[in-house]
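Shown next: data.tsv, given as TSV, C-alpha atoms and all ligand atoms.
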```
chain	number	residue	atom	x	y	z
A	1	MET	CA	-140.18	-76.24	179.13
A	2	LYS	CA	-136.46	-76.14	178.42
A	3	ILE	CA	-134.03	-74.67	180.97
A	4	VAL	CA	-130.60	-73.49	179.85
A	5	GLU	CA	-127.66	-71.74	181.46
A	6	SER	CA	-124.90	-71.12	178.89
A	7	PHE	CA	-125.04	-68.78	175.87
A	8	GLY	CA	-124.32	-71.77	173.61
A	9	ASP	CA	-127.24	-73.81	174.95
A	10	LEU	CA	-129.47	-70.75	174.74
A	11	GLN	CA	-128.66	-70.28	171.03
A	12	LYS	CA	-129.36	-73.95	170.30
A	13	ALA	CA	-132.67	-73.86	172.19
A	14	LEU	CA	-133.73	-70.59	170.51
A	15	GLY	CA	-133.21	-72.25	167.12
A	16	GLU	CA	-135.85	-74.85	168.03
A	17	LEU	CA	-138.54	-72.34	169.02
A	18	LYS	CA	-141.62	-71.35	167.07
A	19	GLN	CA	-141.55	-67.76	165.77
A	20	SER	CA	-142.31	-65.14	166.93
A	21	VAL	CA	-140.43	-64.90	170.24
A	22	GLY	CA	-141.80	-62.99	173.24
A	23	PHE	CA	-139.23	-62.29	175.95
A	24	VAL	CA	-139.81	-61.60	179.66
A	25	PRO	CA	-136.62	-60.61	181.50
A	26	THR	CA	-136.86	-61.12	185.28
A	27	MET	CA	-134.68	-61.20	188.37
A	28	GLY	CA	-136.59	-64.21	189.73
A	29	TYR	CA	-138.74	-64.59	192.85
A	30	LEU	CA	-141.70	-64.40	190.54
A	31	HIS	CA	-145.16	-63.14	191.45
A	32	ASP	CA	-148.42	-62.55	189.58
A	33	GLY	CA	-146.99	-59.35	188.09
A	34	HIS	CA	-144.31	-61.37	186.25
A	35	LEU	CA	-146.85	-64.04	185.33
A	36	SER	CA	-149.09	-61.40	183.76
A	37	LEU	CA	-146.16	-60.53	181.46
A	38	VAL	CA	-145.71	-64.22	180.59
A	39	ASN	CA	-149.44	-64.52	179.86
A	40	LYS	CA	-149.39	-61.49	177.58
A	41	ALA	CA	-146.31	-62.81	175.77
A	42	LYS	CA	-148.06	-66.16	175.35
A	43	GLU	CA	-151.11	-64.43	173.87
A	44	ASP	CA	-149.02	-62.37	171.44
A	45	CYS	CA	-146.20	-64.70	170.36
A	46	GLY	CA	-145.47	-68.23	169.12
A	47	SER	CA	-142.90	-68.86	171.89
A	48	VAL	CA	-142.14	-67.38	175.29
A	49	VAL	CA	-138.61	-67.02	176.67
A	50	VAL	CA	-138.03	-65.94	180.29
A	51	SER	CA	-134.67	-65.03	181.79
A	52	ILE	CA	-133.98	-65.24	185.52
A	53	PHE	CA	-130.95	-63.23	186.51
A	54	ALA	CA	-130.53	-61.13	189.67
A	55	ASN	CA	-128.37	-58.55	187.99
A	56	PRO	CA	-125.61	-57.38	190.38
A	57	ILE	CA	-124.69	-54.24	188.42
A	58	GLN	CA	-128.07	-52.59	188.95
A	59	PHE	CA	-127.64	-52.73	192.74
A	60	ALA	CA	-125.55	-50.14	194.54
A	61	GLU	CA	-123.05	-51.31	197.16
A	62	ASP	CA	-125.43	-50.49	200.02
A	63	GLU	CA	-128.36	-52.28	198.35
A	64	ASP	CA	-127.21	-55.80	199.24
A	65	ILE	CA	-127.95	-58.03	196.28
A	66	ASP	CA	-127.01	-61.07	198.38
A	67	ASN	CA	-130.25	-60.65	200.29
A	68	TYR	CA	-132.39	-60.33	197.15
A	69	PRO	CA	-135.07	-63.04	197.54
A	70	ARG	CA	-134.55	-66.19	195.45
A	71	ASP	CA	-136.49	-69.43	194.99
A	72	ILE	CA	-135.59	-70.94	191.67
A	73	ASP	CA	-137.62	-74.17	192.08
A	74	ARG	CA	-140.77	-72.21	192.82
A	75	ASP	CA	-140.05	-69.88	189.88
A	76	LEU	CA	-139.62	-72.79	187.48
A	77	ASN	CA	-142.89	-74.41	188.60
A	78	LEU	CA	-144.75	-71.15	188.07
A	79	LEU	CA	-143.22	-70.76	184.62
A	80	ILE	CA	-144.11	-74.34	183.59
A	81	ASP	CA	-147.72	-73.68	184.68
A	82	GLY	CA	-147.68	-70.41	182.76
A	83	GLY	CA	-146.71	-72.16	179.52
A	84	THR	CA	-143.17	-70.78	179.14
A	85	ASP	CA	-141.16	-72.51	176.43
A	86	LEU	CA	-137.61	-71.63	177.43
A	87	VAL	CA	-135.99	-70.34	180.62
A	88	TRP	CA	-132.49	-68.89	180.54
A	89	ILE	CA	-130.64	-68.68	183.86
A	90	PRO	CA	-127.23	-67.19	183.08
A	91	THR	CA	-124.48	-67.13	185.69
A	92	VAL	CA	-122.98	-63.87	186.96
A	93	LYS	CA	-119.56	-64.99	185.71
A	94	SER	CA	-120.81	-65.58	182.17
A	95	MET	CA	-122.57	-62.22	182.05
A	96	TYR	CA	-119.76	-60.26	183.67
A	97	PRO	CA	-116.37	-61.87	183.19
A	98	GLU	CA	-113.52	-60.29	185.14
A	99	ASP	CA	-112.50	-57.81	182.44
A	100	PHE	CA	-116.08	-56.62	181.75
A	101	GLN	CA	-115.97	-52.87	181.04
A	102	THR	CA	-118.72	-51.87	178.62
A	103	TRP	CA	-121.86	-50.03	179.71
A	104	VAL	CA	-125.05	-48.93	178.02
A	105	ASN	CA	-126.14	-45.61	179.48
A	106	VAL	CA	-129.34	-43.81	178.58
A	107	GLU	CA	-128.86	-40.18	179.53
A	108	LYS	CA	-131.71	-37.74	180.21
A	109	VAL	CA	-134.55	-40.04	181.27
A	110	SER	CA	-132.28	-41.99	183.67
A	111	ILE	CA	-131.45	-38.91	185.72
A	112	PRO	CA	-134.61	-37.80	187.65
A	113	LEU	CA	-136.88	-39.76	190.03
A	114	GLU	CA	-135.28	-43.12	190.82
A	115	GLY	CA	-132.06	-41.99	189.15
A	116	LYS	CA	-131.64	-39.24	191.70
A	117	PHE	CA	-131.56	-41.70	194.58
A	118	ARG	CA	-130.08	-44.68	192.71
A	119	PRO	CA	-127.59	-42.98	190.37
A	120	THR	CA	-125.97	-46.18	189.07
A	121	HIS	CA	-129.17	-48.22	188.82
A	122	PHE	CA	-130.35	-47.54	185.28
A	123	ARG	CA	-127.01	-48.02	183.58
A	124	GLY	CA	-127.02	-51.46	185.25
A	125	VAL	CA	-130.51	-52.15	183.94
A	126	THR	CA	-129.85	-50.93	180.39
A	127	THR	CA	-126.53	-52.76	180.20
A	128	VAL	CA	-128.07	-56.07	181.24
A	129	VAL	CA	-131.22	-55.66	179.14
A	130	SER	CA	-129.05	-54.85	176.16
A	131	LYS	CA	-127.00	-58.02	176.75
A	132	LEU	CA	-130.19	-60.08	177.18
A	133	PHE	CA	-131.68	-58.62	173.97
A	134	ASN	CA	-128.45	-59.38	172.08
A	135	ALA	CA	-128.57	-62.99	173.22
A	136	VAL	CA	-132.31	-63.70	172.83
A	137	HIS	CA	-133.19	-61.59	169.73
A	138	PRO	CA	-136.87	-61.42	170.70
A	139	ASP	CA	-139.58	-59.91	168.54
A	140	LYS	CA	-141.34	-58.44	171.56
A	141	ALA	CA	-140.16	-57.83	175.12
A	142	TYR	CA	-142.43	-57.37	178.13
A	143	PHE	CA	-141.93	-55.11	181.17
A	144	GLY	CA	-144.22	-53.96	183.98
A	145	GLN	CA	-145.60	-50.44	184.45
A	146	LYS	CA	-144.75	-50.86	188.16
A	147	ASP	CA	-141.18	-49.81	187.24
A	148	ALA	CA	-142.48	-46.84	185.27
A	149	GLN	CA	-139.13	-45.10	184.78
A	150	GLN	CA	-137.44	-48.35	183.79
A	151	ALA	CA	-140.11	-48.75	181.09
A	152	VAL	CA	-139.35	-45.26	179.73
A	153	VAL	CA	-135.58	-45.83	179.88
A	154	ILE	CA	-135.79	-49.20	178.10
A	155	LYS	CA	-138.05	-47.81	175.36
A	156	GLN	CA	-135.52	-45.00	174.84
A	157	MET	CA	-132.60	-47.45	174.68
A	158	THR	CA	-134.47	-49.68	172.23
A	159	ARG	CA	-135.13	-46.71	169.93
A	160	ASP	CA	-131.65	-45.22	170.27
A	161	LEU	CA	-129.83	-48.51	169.58
A	162	ASN	CA	-132.23	-49.59	166.79
A	163	TYR	CA	-133.22	-52.87	168.39
A	164	PRO	CA	-135.90	-54.39	166.16
A	165	ILE	CA	-137.91	-55.27	169.27
A	166	GLU	CA	-141.37	-54.10	170.24
A	167	ILE	CA	-141.46	-53.08	173.89
A	168	ILE	CA	-144.76	-53.92	175.57
A	169	ILE	CA	-145.55	-52.36	178.94
A	170	CYS	CA	-148.14	-54.24	181.00
A	171	PRO	CA	-150.32	-52.82	183.81
A	172	ILE	CA	-149.37	-52.97	187.49
A	173	ILE	CA	-150.77	-56.04	189.22
A	174	ARG	CA	-152.00	-55.36	192.76
A	175	GLU	CA	-152.91	-57.45	195.77
A	176	PRO	CA	-156.66	-57.35	196.53
A	177	ASP	CA	-156.03	-54.58	199.10
A	178	GLY	CA	-154.16	-52.41	196.57
A	179	LEU	CA	-150.47	-53.11	197.35
A	180	ALA	CA	-148.53	-53.29	194.08
A	181	MET	CA	-146.94	-56.72	193.68
A	182	SER	CA	-143.18	-56.71	194.17
A	183	SER	CA	-140.57	-59.30	195.07
A	184	ARG	CA	-139.55	-56.89	197.84
A	185	ASN	CA	-142.94	-57.17	199.63
A	186	ILE	CA	-141.54	-60.35	201.24
A	187	TYR	CA	-139.34	-58.14	203.45
A	188	LEU	CA	-142.38	-56.53	205.14
A	189	ASN	CA	-143.54	-57.79	208.55
A	190	ASP	CA	-147.28	-57.81	209.29
A	191	GLN	CA	-147.33	-54.27	210.63
A	192	GLU	CA	-145.25	-52.96	207.71
A	193	ARG	CA	-147.40	-54.85	205.22
A	194	GLN	CA	-150.41	-52.95	206.55
A	195	ALA	CA	-148.50	-49.65	206.55
A	196	ALA	CA	-147.44	-50.22	202.92
A	197	LEU	CA	-151.03	-49.66	201.83
A	198	CYS	CA	-150.39	-45.93	202.16
A	199	LEU	CA	-148.66	-45.95	198.74
A	200	SER	CA	-151.66	-47.17	196.75
A	201	GLN	CA	-154.03	-45.21	198.99
A	202	GLY	CA	-152.08	-42.01	198.33
A	203	LEU	CA	-152.22	-42.62	194.59
A	204	LEU	CA	-155.90	-43.47	194.79
A	205	ALA	CA	-156.63	-40.23	196.66
A	206	ALA	CA	-154.74	-38.22	194.02
A	207	GLY	CA	-156.48	-40.18	191.23
A	208	ASP	CA	-159.87	-39.39	192.78
A	209	SER	CA	-158.95	-35.74	193.08
A	210	PHE	CA	-157.81	-35.72	189.40
A	211	GLN	CA	-161.14	-37.37	188.43
A	212	ALA	CA	-162.94	-34.66	190.38
A	213	GLY	CA	-161.17	-32.02	188.27
A	214	GLU	CA	-157.98	-31.18	190.18
A	215	ARG	CA	-155.21	-30.52	187.63
A	216	ASP	CA	-152.55	-28.67	189.63
A	217	ALA	CA	-149.37	-30.78	189.80
A	218	GLU	CA	-148.32	-29.48	193.23
A	219	LYS	CA	-151.77	-30.15	194.71
A	220	LEU	CA	-151.75	-33.69	193.31
A	221	ARG	CA	-148.28	-34.32	194.84
A	222	HIS	CA	-149.54	-32.81	198.08
A	223	THR	CA	-152.54	-35.14	198.23
A	224	VAL	CA	-150.20	-38.16	198.10
A	225	LYS	CA	-147.82	-36.62	200.66
A	226	ASN	CA	-150.70	-36.09	203.11
A	227	VAL	CA	-151.71	-39.76	202.98
A	228	ILE	CA	-148.09	-40.96	203.45
A	229	LYS	CA	-147.53	-38.49	206.31
A	230	LYS	CA	-150.34	-40.08	208.31
A	231	GLU	CA	-148.58	-43.47	208.33
A	232	SER	CA	-145.98	-43.51	211.10
A	233	LEU	CA	-143.96	-46.41	209.62
A	234	ALA	CA	-143.68	-44.69	206.24
A	235	GLU	CA	-141.03	-42.25	205.12
A	236	LEU	CA	-141.55	-40.59	201.75
A	237	GLN	CA	-138.35	-40.40	199.68
A	238	TYR	CA	-139.88	-38.58	196.72
A	239	ILE	CA	-143.21	-37.86	195.10
A	240	SER	CA	-143.22	-36.75	191.50
A	241	CYS	CA	-145.79	-35.55	189.01
A	242	ALA	CA	-143.90	-35.76	185.73
A	243	HIS	CA	-144.40	-35.88	181.98
A	244	PRO	CA	-144.96	-39.60	181.25
A	245	GLU	CA	-142.39	-39.68	178.41
A	246	THR	CA	-139.72	-37.07	179.19
A	247	LEU	CA	-140.09	-37.57	182.97
A	248	LYS	CA	-139.63	-33.83	183.44
A	249	GLU	CA	-141.25	-32.60	186.64
A	250	LEU	CA	-144.47	-30.68	185.91
A	251	GLU	CA	-145.80	-27.51	187.48
A	252	GLY	CA	-149.18	-25.85	187.05
A	253	ASN	CA	-152.04	-27.60	185.29
A	254	VAL	CA	-151.42	-31.11	183.97
A	255	GLU	CA	-153.45	-33.29	181.64
A	256	THR	CA	-151.57	-36.58	181.35
A	257	SER	CA	-148.87	-37.19	183.92
A	258	LEU	CA	-147.02	-39.90	185.76
A	259	LEU	CA	-147.53	-39.65	189.51
A	260	SER	CA	-144.78	-41.76	191.08
A	261	MET	CA	-143.01	-42.17	194.38
A	262	ALA	CA	-140.60	-44.10	196.54
A	263	VAL	CA	-141.40	-44.71	200.19
A	264	PHE	CA	-139.45	-46.47	202.92
A	265	ILE	CA	-141.59	-48.74	205.04
A	266	GLY	CA	-139.10	-49.54	207.79
A	267	GLN	CA	-135.99	-50.68	205.92
A	268	THR	CA	-137.88	-51.66	202.76
A	269	ARG	CA	-137.97	-49.25	199.86
A	270	LEU	CA	-141.17	-49.52	197.81
A	271	ILE	CA	-142.17	-47.72	194.63
A	272	ASP	CA	-145.58	-47.23	193.06
A	273	ASN	CA	-147.18	-45.01	190.43
A	274	VAL	CA	-150.28	-44.15	188.49
A	275	LEU	CA	-150.71	-42.61	185.05
A	276	LEU	CA	-153.19	-39.77	185.33
A	277	GLY	CA	-155.31	-38.80	182.36
A	278	ASN	CA	-154.48	-42.06	180.59
A	279	SER	CA	-157.02	-44.80	179.99
A	280	LYS	CA	-154.30	-47.49	180.39
A	281	SER	CA	-153.70	-46.60	184.04
B	1	LIG	O1	-137.42	-55.27	186.24
B	1	LIG	C1	-136.57	-56.12	186.53
B	1	LIG	O2	-136.86	-57.16	187.13
B	1	LIG	C2	-135.12	-55.86	186.15
B	1	LIG	O3	-134.78	-54.53	186.29
B	1	LIG	C3	-134.76	-56.38	184.74
B	1	LIG	C4	-135.54	-55.63	183.67
B	1	LIG	C5	-135.07	-57.87	184.65
B	1	LIG	C6	-133.27	-56.16	184.48
B	1	LIG	O4	-132.48	-56.84	185.41
```

The structure given in the file should be rewritten as structure tokens.
Amino acid sequence: MKIVESFGDLQKALGELKQSVGFVPTMGYLHDGHLSLVNKAKEDCGSVVVSIFANPIQFAEDEDIDNYPRDIDRDLNLLIDGGTDLVWIPTVKSMYPEDFQTWVNVEKVSIPLEGKFRPTHFRGVTTVVSKLFNAVHPDKAYFGQKDAQQAVVIKQMTRDLNYPIEIIICPIIREPDGLAMSSRNIYLNDQERQAALCLSQGLLAAGDSFQAGERDAEKLRHTVKNVIKKESLAELQYISCAHPETLKELEGNVETSLLSMAVFIGQTRLIDNVLLGNSKS
């Protein structure tokens, strides 16, 4: 496995790879969710490139990127075991030199859900992913369904900017007890870790109710709310039942929909979602 930092070294190393190239962008502190993306890229492509870059411009000022968990040695060991060919670890300075002033902004689908509470987040994501795509030129790029809105926003950007890249969205990977894997789970103490199960349990309850024939969007949202309300350490920020592609909030009867939410467990903000009426969920 080759590890590079500069754009120049990246270009040289890319030239030595077998086609086709599968790309997994990450912010590091890898878990089985990331490794599932690497595995899928390995299955699909001749070479696998992973980037590790905790992207400062997708964090708001009060979101404290300095405390974002990092363990580069552990990450590299996991990537070697996973059969990654090339790891790119750009520096903040090389990505955002002092006079940096160009943004990629996807409009409509960045606005609701996460966008409502993190209004500068998605332009940070789309700007960095665009820069990463421009540098790596992958054939396929892999993202997790855990960040459901990010997946929609990146697909939109890829279409709108004519990137010749296939975007592959992989299923959420969960701990055995249902908690969706996230680098942020490390912030939870034992009590909070237990409390955090209310997210997946809320979604499960709504999924069961959907299976049993419930189709009303408000009732499905309500089922999740009720589960979260019972957990004293949890504070629901939003629960949404939206169209899975436009992300418009739905009312009345729904067939396929994205049920998604953000919940504070103590100081830690967690997100989770399920696609209802979709075999991939
Ligand atoms: O999903 C993430 O880890 C990040 O948002 C991404 C796509 C690597 C961009 O920084």

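Distances here use only C-alpha atoms and all ligand atoms; by that measure, the residue among A:His243, A:Lys146, A:Arg118, A:His137 closest to ligand LIG 1 (chain B) is A:Lys146.
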
**Request:** Taking all atoms listed in the file into account, report as a PyMOL selection string which residues have an atom no farther than 10 Å from an atom of ligand LIG 1 (chain B).
**Result:** chain A and resi 24-30+34+50-59+121-122+124-130+132+141-148+150-151+154+182-183

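Closest approach to Lys42 in chain A among A:Gly202, A:Pro112, A:Gly82, A:Pro69: A:Gly82, based on all atoms listed in the file.
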
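If you measure from each of A:Val109, A:Ala212, A:Met261, A:Ala41 to Ser20 in chain A using all atoms listed in the file, the closest one turns out to be A:Ala41.
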
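With all atoms listed in the file as the atoms that count, the minimum distance from Glu175 in chain A to the choices A:Leu161, A:Glu107, A:Pro90, A:His31 is reached by A:His31.
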
Would you mind completing range 5-41 of chain A to N, CA and C atoms and writing the output as an mmCIF file, in the coordinates of the input?
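Produced file part04.cif, reproduced below:
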```
data_model
loop_
_atom_site.group_PDB
_atom_site.id
_atom_site.type_symbol
_atom_site.label_atom_id
_atom_site.label_comp_id
_atom_site.auth_asym_id
_atom_site.auth_seq_id
_atom_site.Cartn_x
_atom_site.Cartn_y
_atom_site.Cartn_z
ATOM 1 N N GLU A 5 -128.507 -72.656 180.683
ATOM 2 C CA GLU A 5 -127.660 -71.740 181.460
ATOM 3 C C GLU A 5 -126.674 -71.005 180.545
ATOM 4 N N SER A 6 -125.981 -71.753 179.667
ATOM 5 C CA SER A 6 -124.900 -71.120 178.890
ATOM 6 C C SER A 6 -125.455 -70.407 177.651
ATOM 7 N N PHE A 7 -124.671 -69.487 177.111
ATOM 8 C CA PHE A 7 -125.040 -68.780 175.870
ATOM 9 C C PHE A 7 -125.201 -69.789 174.728
ATOM 10 N N GLY A 8 -124.288 -70.769 174.682
ATOM 11 C CA GLY A 8 -124.320 -71.770 173.610
ATOM 12 C C GLY A 8 -125.623 -72.557 173.638
ATOM 13 N N ASP A 9 -125.998 -73.035 174.834
ATOM 14 C CA ASP A 9 -127.240 -73.810 174.950
ATOM 15 C C ASP A 9 -128.452 -72.934 174.646
ATOM 16 N N LEU A 10 -128.368 -71.670 175.025
ATOM 17 C CA LEU A 10 -129.470 -70.750 174.740
ATOM 18 C C LEU A 10 -129.661 -70.638 173.222
ATOM 19 N N GLN A 11 -128.557 -70.447 172.489
ATOM 20 C CA GLN A 11 -128.660 -70.280 171.030
ATOM 21 C C GLN A 11 -129.277 -71.510 170.391
ATOM 22 N N LYS A 12 -128.820 -72.701 170.844
ATOM 23 C CA LYS A 12 -129.360 -73.950 170.300
ATOM 24 C C LYS A 12 -130.867 -74.041 170.568
ATOM 25 N N ALA A 13 -131.255 -73.747 171.806
ATOM 26 C CA ALA A 13 -132.670 -73.860 172.190
ATOM 27 C C ALA A 13 -133.529 -72.825 171.450
ATOM 28 N N LEU A 14 -132.966 -71.624 171.221
ATOM 29 C CA LEU A 14 -133.730 -70.590 170.510
ATOM 30 C C LEU A 14 -134.025 -71.043 169.086
ATOM 31 N N GLY A 15 -133.056 -71.755 168.497
ATOM 32 C CA GLY A 15 -133.210 -72.250 167.120
ATOM 33 C C GLY A 15 -134.364 -73.225 166.986
ATOM 34 N N GLU A 16 -134.765 -73.845 168.085
ATOM 35 C CA GLU A 16 -135.850 -74.850 168.030
ATOM 36 C C GLU A 16 -137.226 -74.258 168.332
ATOM 37 N N LEU A 17 -137.260 -72.945 168.623
ATOM 38 C CA LEU A 17 -138.540 -72.340 169.020
ATOM 39 C C LEU A 17 -139.378 -71.916 167.824
ATOM 40 N N LYS A 18 -140.696 -71.896 168.072
ATOM 41 C CA LYS A 18 -141.620 -71.350 167.070
ATOM 42 C C LYS A 18 -141.495 -69.836 167.046
ATOM 43 N N GLN A 19 -141.526 -69.233 165.878
ATOM 44 C CA GLN A 19 -141.550 -67.760 165.770
ATOM 45 C C GLN A 19 -142.986 -67.300 166.019
ATOM 46 N N SER A 20 -143.269 -66.132 166.482
ATOM 47 C CA SER A 20 -142.310 -65.140 166.930
ATOM 48 C C SER A 20 -141.971 -65.346 168.419
ATOM 49 N N VAL A 21 -140.894 -64.683 168.866
ATOM 50 C CA VAL A 21 -140.430 -64.900 170.240
ATOM 51 C C VAL A 21 -140.803 -63.695 171.125
ATOM 52 N N GLY A 22 -141.493 -64.001 172.219
ATOM 53 C CA GLY A 22 -141.800 -62.990 173.240
ATOM 54 C C GLY A 22 -140.870 -63.218 174.413
ATOM 55 N N PHE A 23 -140.280 -62.160 174.926
ATOM 56 C CA PHE A 23 -139.230 -62.290 175.950
ATOM 57 C C PHE A 23 -139.639 -61.543 177.226
ATOM 58 N N VAL A 24 -139.522 -62.222 178.356
ATOM 59 C CA VAL A 24 -139.810 -61.600 179.660
ATOM 60 C C VAL A 24 -138.548 -61.696 180.529
ATOM 61 N N PRO A 25 -137.790 -60.593 180.623
ATOM 62 C CA PRO A 25 -136.620 -60.610 181.500
ATOM 63 C C PRO A 25 -137.042 -60.441 182.964
ATOM 64 N N THR A 26 -136.504 -61.251 183.864
ATOM 65 C CA THR A 26 -136.860 -61.120 185.280
ATOM 66 C C THR A 26 -135.604 -61.302 186.141
ATOM 67 N N MET A 27 -135.749 -60.921 187.407
ATOM 68 C CA MET A 27 -134.680 -61.200 188.370
ATOM 69 C C MET A 27 -135.106 -62.334 189.299
ATOM 70 N N GLY A 28 -136.150 -63.068 188.934
ATOM 71 C CA GLY A 28 -136.590 -64.210 189.730
ATOM 72 C C GLY A 28 -137.501 -63.781 190.873
ATOM 73 N N TYR A 29 -137.793 -64.751 191.758
ATOM 74 C CA TYR A 29 -138.740 -64.590 192.850
ATOM 75 C C TYR A 29 -140.055 -64.040 192.285
ATOM 76 N N LEU A 30 -140.592 -64.849 191.391
ATOM 77 C CA LEU A 30 -141.700 -64.400 190.540
ATOM 78 C C LEU A 30 -143.013 -64.267 191.321
ATOM 79 N N HIS A 31 -143.814 -63.323 190.888
ATOM 80 C CA HIS A 31 -145.160 -63.140 191.450
ATOM 81 C C HIS A 31 -146.128 -62.926 190.287
ATOM 82 N N ASP A 32 -147.398 -62.661 190.633
ATOM 83 C CA ASP A 32 -148.420 -62.550 189.580
ATOM 84 C C ASP A 32 -148.135 -61.427 188.587
ATOM 85 N N GLY A 33 -147.367 -60.410 189.020
ATOM 86 C CA GLY A 33 -146.990 -59.350 188.090
ATOM 87 C C GLY A 33 -146.151 -59.931 186.946
ATOM 88 N N HIS A 34 -145.135 -60.731 187.291
ATOM 89 C CA HIS A 34 -144.310 -61.370 186.250
ATOM 90 C C HIS A 34 -145.177 -62.309 185.394
ATOM 91 N N LEU A 35 -146.061 -63.051 186.081
ATOM 92 C CA LEU A 35 -146.850 -64.040 185.330
ATOM 93 C C LEU A 35 -147.812 -63.363 184.365
ATOM 94 N N SER A 36 -148.223 -62.133 184.698
ATOM 95 C CA SER A 36 -149.090 -61.400 183.760
ATOM 96 C C SER A 36 -148.300 -61.054 182.489
ATOM 97 N N LEU A 37 -146.987 -60.820 182.644
ATOM 98 C CA LEU A 37 -146.160 -60.530 181.460
ATOM 99 C C LEU A 37 -146.016 -61.803 180.614
ATOM 100 N N VAL A 38 -145.821 -62.937 181.303
ATOM 101 C CA VAL A 38 -145.710 -64.220 180.590
ATOM 102 C C VAL A 38 -147.003 -64.508 179.837
ATOM 103 N N ASN A 39 -148.135 -64.274 180.506
ATOM 104 C CA ASN A 39 -149.440 -64.520 179.860
ATOM 105 C C ASN A 39 -149.614 -63.677 178.613
ATOM 106 N N LYS A 40 -149.217 -62.399 178.727
ATOM 107 C CA LYS A 40 -149.390 -61.490 177.580
ATOM 108 C C LYS A 40 -148.470 -61.936 176.444
ATOM 109 N N ALA A 41 -147.243 -62.341 176.796
ATOM 110 C CA ALA A 41 -146.310 -62.810 175.770
ATOM 111 C C ALA A 41 -146.862 -64.061 175.087
#
```
